[in-house]
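Report on the following structure.
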Amino acid sequence: MRTISPLGGWYSNSCCFCCHVRTGTIILGVWYMLINAVVLLILLSALSDPEHYHLPHTELGSDFDFTDDANICIATAISLLMITICGMATYGAYKQLSAWIIPFFCYQIFDFALNTLVAISVVVYPNSIQDYLRQLPANIPHKEDLMSMNPTCLVFIVLIFIGIILAFKAYLIGCVWNCYRYINSRHSADVLVYVTNDTAILLPPNEEAVMMPTKDPPPPYMAA
């Protein structure tokens, strides 16, 4: 279903599985909160027992220690921030508060831009995929098969995969944006005014029209 906004332009009231954009935004916010909550639990477990989650530098193929306490604390703070942002979007969609959805929408735009930069880097530097595969641990499944694949074919497969992800993320951005516009249009359509020659018709939502004079009628001699 498509609706015209009082501010101009069309927006859709429905998203995937024909549910309302508010319902879709609430589901999306709860889903992101669950994912970040799981990540937060893993990070807290790694912080409490670093030896259990420690990976040697030789397996990582890098001098950067992902299990360092400082890096885990930064990742924990990011997870808490994401849970807060997703909770704000869920609450804003439920209570029809459009301002609460803006931080989550900005995060979606930022995430989409990062994935777009990844796709551009693959196109500009196709050999970067081979370099990335070499840095992976040796026990990664099918690593040798990927390394022996034709580089052009490998780049094409990666671009298709990234394109599917970008299309899905763009659809989710559209759902949240439509929810934001829907809530704004609901607030801005409290009173609609239609002005005739001598009468203003106030149309509150779901109520009968109220006739209100806009100016005093002219005197009889003026009308003559």
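Just remember, in the structure tokens the first chain shown is A, the second B, etc., residues are 1-based per chain, and ligands are 1-based in the order shown.
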
DSSP on the backbone, then: every residue of stretch 85-171 of chain A marked helix (DSSP H, G or I), written as number ranges by chain. A: 85-95, 98-124, 127-135, 143-147, 151-171

Please provide as a ChimeraX atom specification all residues within 10 Å of A:Thr152, with the sequence filter that same-chain residues fewer than 6 positions apart are discarded (counting only C-alpha atoms). /A:126-127,158

With a distance cut-off of 12 Å and only C-alpha atoms, select the neighbouring residues of A:Cys106, excluding the residue or stretch itself and same-chain residues fewer than 3 positions from it, and output the selection as a PDB file with all heavy atoms, in the first residue's frame.
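Generated file (part_24.pdb):
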```
ATOM      1  N   MET A  82      25.269  -0.067  20.267  1.00  0.00           N
ATOM      2  CA  MET A  82      24.353  -0.596  19.267  1.00  0.00           C
ATOM      3  C   MET A  82      23.056  -1.082  19.901  1.00  0.00           C
ATOM      4  O   MET A  82      21.968  -0.892  19.343  1.00  0.00           O
ATOM      5  CB  MET A  82      25.030  -1.740  18.500  1.00  0.00           C
ATOM      6  CG  MET A  82      26.074  -1.296  17.505  1.00  0.00           C
ATOM      7  SD  MET A  82      25.396  -0.166  16.274  1.00  0.00           S
ATOM      8  CE  MET A  82      24.010  -1.101  15.671  1.00  0.00           C
ATOM      9  N   ILE A  85      21.015   2.035  20.556  1.00  0.00           N
ATOM     10  CA  ILE A  85      20.455   2.612  19.329  1.00  0.00           C
ATOM     11  C   ILE A  85      19.284   1.764  18.814  1.00  0.00           C
ATOM     12  O   ILE A  85      18.232   2.295  18.425  1.00  0.00           O
ATOM     13  CB  ILE A  85      21.553   2.740  18.261  1.00  0.00           C
ATOM     14  CG1 ILE A  85      22.571   3.812  18.670  1.00  0.00           C
ATOM     15  CG2 ILE A  85      20.959   3.084  16.900  1.00  0.00           C
ATOM     16  CD1 ILE A  85      23.748   3.926  17.738  1.00  0.00           C
ATOM     17  N   CYS A  86      19.461   0.448  18.821  1.00  0.00           N
ATOM     18  CA  CYS A  86      18.382  -0.438  18.352  1.00  0.00           C
ATOM     19  C   CYS A  86      17.178  -0.372  19.283  1.00  0.00           C
ATOM     20  O   CYS A  86      16.025  -0.428  18.825  1.00  0.00           O
ATOM     21  CB  CYS A  86      18.894  -1.869  18.251  1.00  0.00           C
ATOM     22  SG  CYS A  86      20.225  -2.096  17.051  1.00  0.00           S
ATOM     23  N   ALA A  89      15.255   2.755  18.433  1.00  0.00           N
ATOM     24  CA  ALA A  89      14.455   2.594  17.204  1.00  0.00           C
ATOM     25  C   ALA A  89      13.206   1.767  17.468  1.00  0.00           C
ATOM     26  O   ALA A  89      12.114   2.088  16.972  1.00  0.00           O
ATOM     27  CB  ALA A  89      15.303   1.949  16.111  1.00  0.00           C
ATOM     28  N   ALA A  99      11.795  10.914  16.096  1.00  0.00           N
ATOM     29  CA  ALA A  99      13.154  11.339  16.429  1.00  0.00           C
ATOM     30  C   ALA A  99      13.987  10.191  16.994  1.00  0.00           C
ATOM     31  O   ALA A  99      15.216  10.178  16.847  1.00  0.00           O
ATOM     32  CB  ALA A  99      13.108  12.498  17.428  1.00  0.00           C
ATOM     33  N   TRP A 100      13.358   9.231  17.644  1.00  0.00           N
ATOM     34  CA  TRP A 100      14.078   8.107  18.225  1.00  0.00           C
ATOM     35  C   TRP A 100      14.588   7.142  17.156  1.00  0.00           C
ATOM     36  O   TRP A 100      15.466   6.304  17.442  1.00  0.00           O
ATOM     37  CB  TRP A 100      13.178   7.361  19.212  1.00  0.00           C
ATOM     38  CG  TRP A 100      12.892   8.110  20.466  1.00  0.00           C
ATOM     39  CD1 TRP A 100      12.236   9.300  20.568  1.00  0.00           C
ATOM     40  CD2 TRP A 100      13.261   7.740  21.789  1.00  0.00           C
ATOM     41  NE1 TRP A 100      12.156   9.693  21.876  1.00  0.00           N
ATOM     42  CE2 TRP A 100      12.781   8.749  22.653  1.00  0.00           C
ATOM     43  CE3 TRP A 100      13.930   6.649  22.340  1.00  0.00           C
ATOM     44  CZ2 TRP A 100      12.957   8.694  24.021  1.00  0.00           C
ATOM     45  CZ3 TRP A 100      14.103   6.594  23.705  1.00  0.00           C
ATOM     46  CH2 TRP A 100      13.629   7.606  24.537  1.00  0.00           C
ATOM     47  N   ILE A 101      14.062   7.203  15.942  1.00  0.00           N
ATOM     48  CA  ILE A 101      14.468   6.298  14.876  1.00  0.00           C
ATOM     49  C   ILE A 101      15.701   6.819  14.133  1.00  0.00           C
ATOM     50  O   ILE A 101      16.411   6.052  13.476  1.00  0.00           O
ATOM     51  CB  ILE A 101      13.298   6.087  13.895  1.00  0.00           C
ATOM     52  CG1 ILE A 101      12.068   5.576  14.654  1.00  0.00           C
ATOM     53  CG2 ILE A 101      13.646   5.120  12.780  1.00  0.00           C
ATOM     54  CD1 ILE A 101      10.847   5.401  13.778  1.00  0.00           C
ATOM     55  N   ILE A 102      15.972   8.115  14.235  1.00  0.00           N
ATOM     56  CA  ILE A 102      17.053   8.726  13.457  1.00  0.00           C
ATOM     57  C   ILE A 102      18.420   8.091  13.732  1.00  0.00           C
ATOM     58  O   ILE A 102      19.171   7.817  12.774  1.00  0.00           O
ATOM     59  CB  ILE A 102      17.084  10.248  13.698  1.00  0.00           C
ATOM     60  CG1 ILE A 102      15.800  10.891  13.160  1.00  0.00           C
ATOM     61  CG2 ILE A 102      18.301  10.881  13.057  1.00  0.00           C
ATOM     62  CD1 ILE A 102      15.704  12.376  13.407  1.00  0.00           C
ATOM     63  N   PRO A 103      18.838   7.841  15.000  1.00  0.00           N
ATOM     64  CA  PRO A 103      20.170   7.223  15.193  1.00  0.00           C
ATOM     65  C   PRO A 103      20.315   5.871  14.514  1.00  0.00           C
ATOM     66  O   PRO A 103      21.361   5.580  13.923  1.00  0.00           O
ATOM     67  CB  PRO A 103      20.265   7.089  16.723  1.00  0.00           C
ATOM     68  CG  PRO A 103      19.345   8.135  17.255  1.00  0.00           C
ATOM     69  CD  PRO A 103      18.215   8.204  16.291  1.00  0.00           C
ATOM     70  N   ILE A 109      22.805   3.877   7.273  1.00  0.00           N
ATOM     71  CA  ILE A 109      23.487   4.577   6.183  1.00  0.00           C
ATOM     72  C   ILE A 109      25.002   4.381   6.282  1.00  0.00           C
ATOM     73  O   ILE A 109      25.686   4.133   5.271  1.00  0.00           O
ATOM     74  CB  ILE A 109      23.140   6.073   6.210  1.00  0.00           C
ATOM     75  CG1 ILE A 109      21.639   6.280   5.968  1.00  0.00           C
ATOM     76  CG2 ILE A 109      23.943   6.837   5.177  1.00  0.00           C
ATOM     77  CD1 ILE A 109      21.159   5.847   4.605  1.00  0.00           C
ATOM     78  N   PHE A 110      25.538   4.473   7.499  1.00  0.00           N
ATOM     79  CA  PHE A 110      26.976   4.296   7.702  1.00  0.00           C
ATOM     80  C   PHE A 110      27.409   2.878   7.335  1.00  0.00           C
ATOM     81  O   PHE A 110      28.440   2.677   6.662  1.00  0.00           O
ATOM     82  CB  PHE A 110      27.324   4.603   9.160  1.00  0.00           C
ATOM     83  CG  PHE A 110      28.768   4.404   9.504  1.00  0.00           C
ATOM     84  CD1 PHE A 110      29.727   5.299   9.072  1.00  0.00           C
ATOM     85  CD2 PHE A 110      29.162   3.320  10.273  1.00  0.00           C
ATOM     86  CE1 PHE A 110      31.067   5.116   9.386  1.00  0.00           C
ATOM     87  CE2 PHE A 110      30.494   3.133  10.588  1.00  0.00           C
ATOM     88  CZ  PHE A 110      31.451   4.027  10.149  1.00  0.00           C
ATOM     89  N   ASP A 111      26.628   1.889   7.753  1.00  0.00           N
ATOM     90  CA  ASP A 111      26.943   0.493   7.432  1.00  0.00           C
ATOM     91  C   ASP A 111      26.863   0.242   5.927  1.00  0.00           C
ATOM     92  O   ASP A 111      27.710  -0.462   5.359  1.00  0.00           O
ATOM     93  CB  ASP A 111      25.978  -0.427   8.182  1.00  0.00           C
ATOM     94  CG  ASP A 111      26.279  -1.890   7.942  1.00  0.00           C
ATOM     95  OD1 ASP A 111      27.397  -2.324   8.251  1.00  0.00           O
ATOM     96  OD2 ASP A 111      25.395  -2.611   7.439  1.00  0.00           O
ATOM     97  N   PHE A 112      25.871   0.828   5.271  1.00  0.00           N
ATOM     98  CA  PHE A 112      25.742   0.682   3.819  1.00  0.00           C
ATOM     99  C   PHE A 112      26.923   1.323   3.106  1.00  0.00           C
ATOM    100  O   PHE A 112      27.441   0.772   2.120  1.00  0.00           O
ATOM    101  CB  PHE A 112      24.432   1.316   3.353  1.00  0.00           C
ATOM    102  CG  PHE A 112      24.152   1.139   1.894  1.00  0.00           C
ATOM    103  CD1 PHE A 112      23.537  -0.018   1.429  1.00  0.00           C
ATOM    104  CD2 PHE A 112      24.492   2.127   0.971  1.00  0.00           C
ATOM    105  CE1 PHE A 112      23.278  -0.196   0.071  1.00  0.00           C
ATOM    106  CE2 PHE A 112      24.242   1.959  -0.376  1.00  0.00           C
ATOM    107  CZ  PHE A 112      23.632   0.800  -0.830  1.00  0.00           C
ATOM    108  N   ALA A 113      27.382   2.479   3.585  1.00  0.00           N
ATOM    109  CA  ALA A 113      28.528   3.148   2.963  1.00  0.00           C
ATOM    110  C   ALA A 113      29.799   2.314   3.114  1.00  0.00           C
ATOM    111  O   ALA A 113      30.606   2.211   2.169  1.00  0.00           O
ATOM    112  CB  ALA A 113      28.722   4.531   3.586  1.00  0.00           C
ATOM    113  N   ILE A 173      16.929  -0.180   4.777  1.00  0.00           N
ATOM    114  CA  ILE A 173      16.988   1.277   4.952  1.00  0.00           C
ATOM    115  C   ILE A 173      15.681   1.917   4.491  1.00  0.00           C
ATOM    116  O   ILE A 173      15.143   2.825   5.133  1.00  0.00           O
ATOM    117  CB  ILE A 173      18.195   1.857   4.182  1.00  0.00           C
ATOM    118  CG1 ILE A 173      19.499   1.425   4.850  1.00  0.00           C
ATOM    119  CG2 ILE A 173      18.126   3.377   4.113  1.00  0.00           C
ATOM    120  CD1 ILE A 173      20.732   1.823   4.070  1.00  0.00           C
ATOM    121  N   VAL A 176      12.896   1.408   7.149  1.00  0.00           N
ATOM    122  CA  VAL A 176      13.016   2.316   8.301  1.00  0.00           C
ATOM    123  C   VAL A 176      12.679   3.740   7.896  1.00  0.00           C
ATOM    124  O   VAL A 176      12.022   4.478   8.640  1.00  0.00           O
ATOM    125  CB  VAL A 176      14.439   2.220   8.894  1.00  0.00           C
ATOM    126  CG1 VAL A 176      14.619   3.227  10.025  1.00  0.00           C
ATOM    127  CG2 VAL A 176      14.700   0.805   9.402  1.00  0.00           C
ATOM    128  N   TRP A 177      13.099   4.160   6.694  1.00  0.00           N
ATOM    129  CA  TRP A 177      12.795   5.507   6.223  1.00  0.00           C
ATOM    130  C   TRP A 177      11.290   5.688   6.017  1.00  0.00           C
ATOM    131  O   TRP A 177      10.724   6.737   6.350  1.00  0.00           O
ATOM    132  CB  TRP A 177      13.556   5.789   4.944  1.00  0.00           C
ATOM    133  CG  TRP A 177      13.222   7.100   4.298  1.00  0.00           C
ATOM    134  CD1 TRP A 177      12.620   7.298   3.099  1.00  0.00           C
ATOM    135  CD2 TRP A 177      13.481   8.406   4.825  1.00  0.00           C
ATOM    136  NE1 TRP A 177      12.480   8.636   2.836  1.00  0.00           N
ATOM    137  CE2 TRP A 177      13.000   9.343   3.884  1.00  0.00           C
ATOM    138  CE3 TRP A 177      14.074   8.870   5.999  1.00  0.00           C
ATOM    139  CZ2 TRP A 177      13.082  10.716   4.096  1.00  0.00           C
ATOM    140  CZ3 TRP A 177      14.159  10.246   6.206  1.00  0.00           C
ATOM    141  CH2 TRP A 177      13.671  11.142   5.254  1.00  0.00           C
TER     142      TRP A 177
END
```

Using only C-alpha atoms, which of A:Ala70, A:Lys95, A:Gly163, A:Leu80 sits nearest A:Ile183? A:Lys95

Using only C-alpha atoms for the distances, tell me which of A:Ile26, A:Val39, A:Ile83, A:Ala119 is nearest to A:Ile162.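 Residue with the minimum atom-to-atom distance to A:Ile162: A:Ala119.
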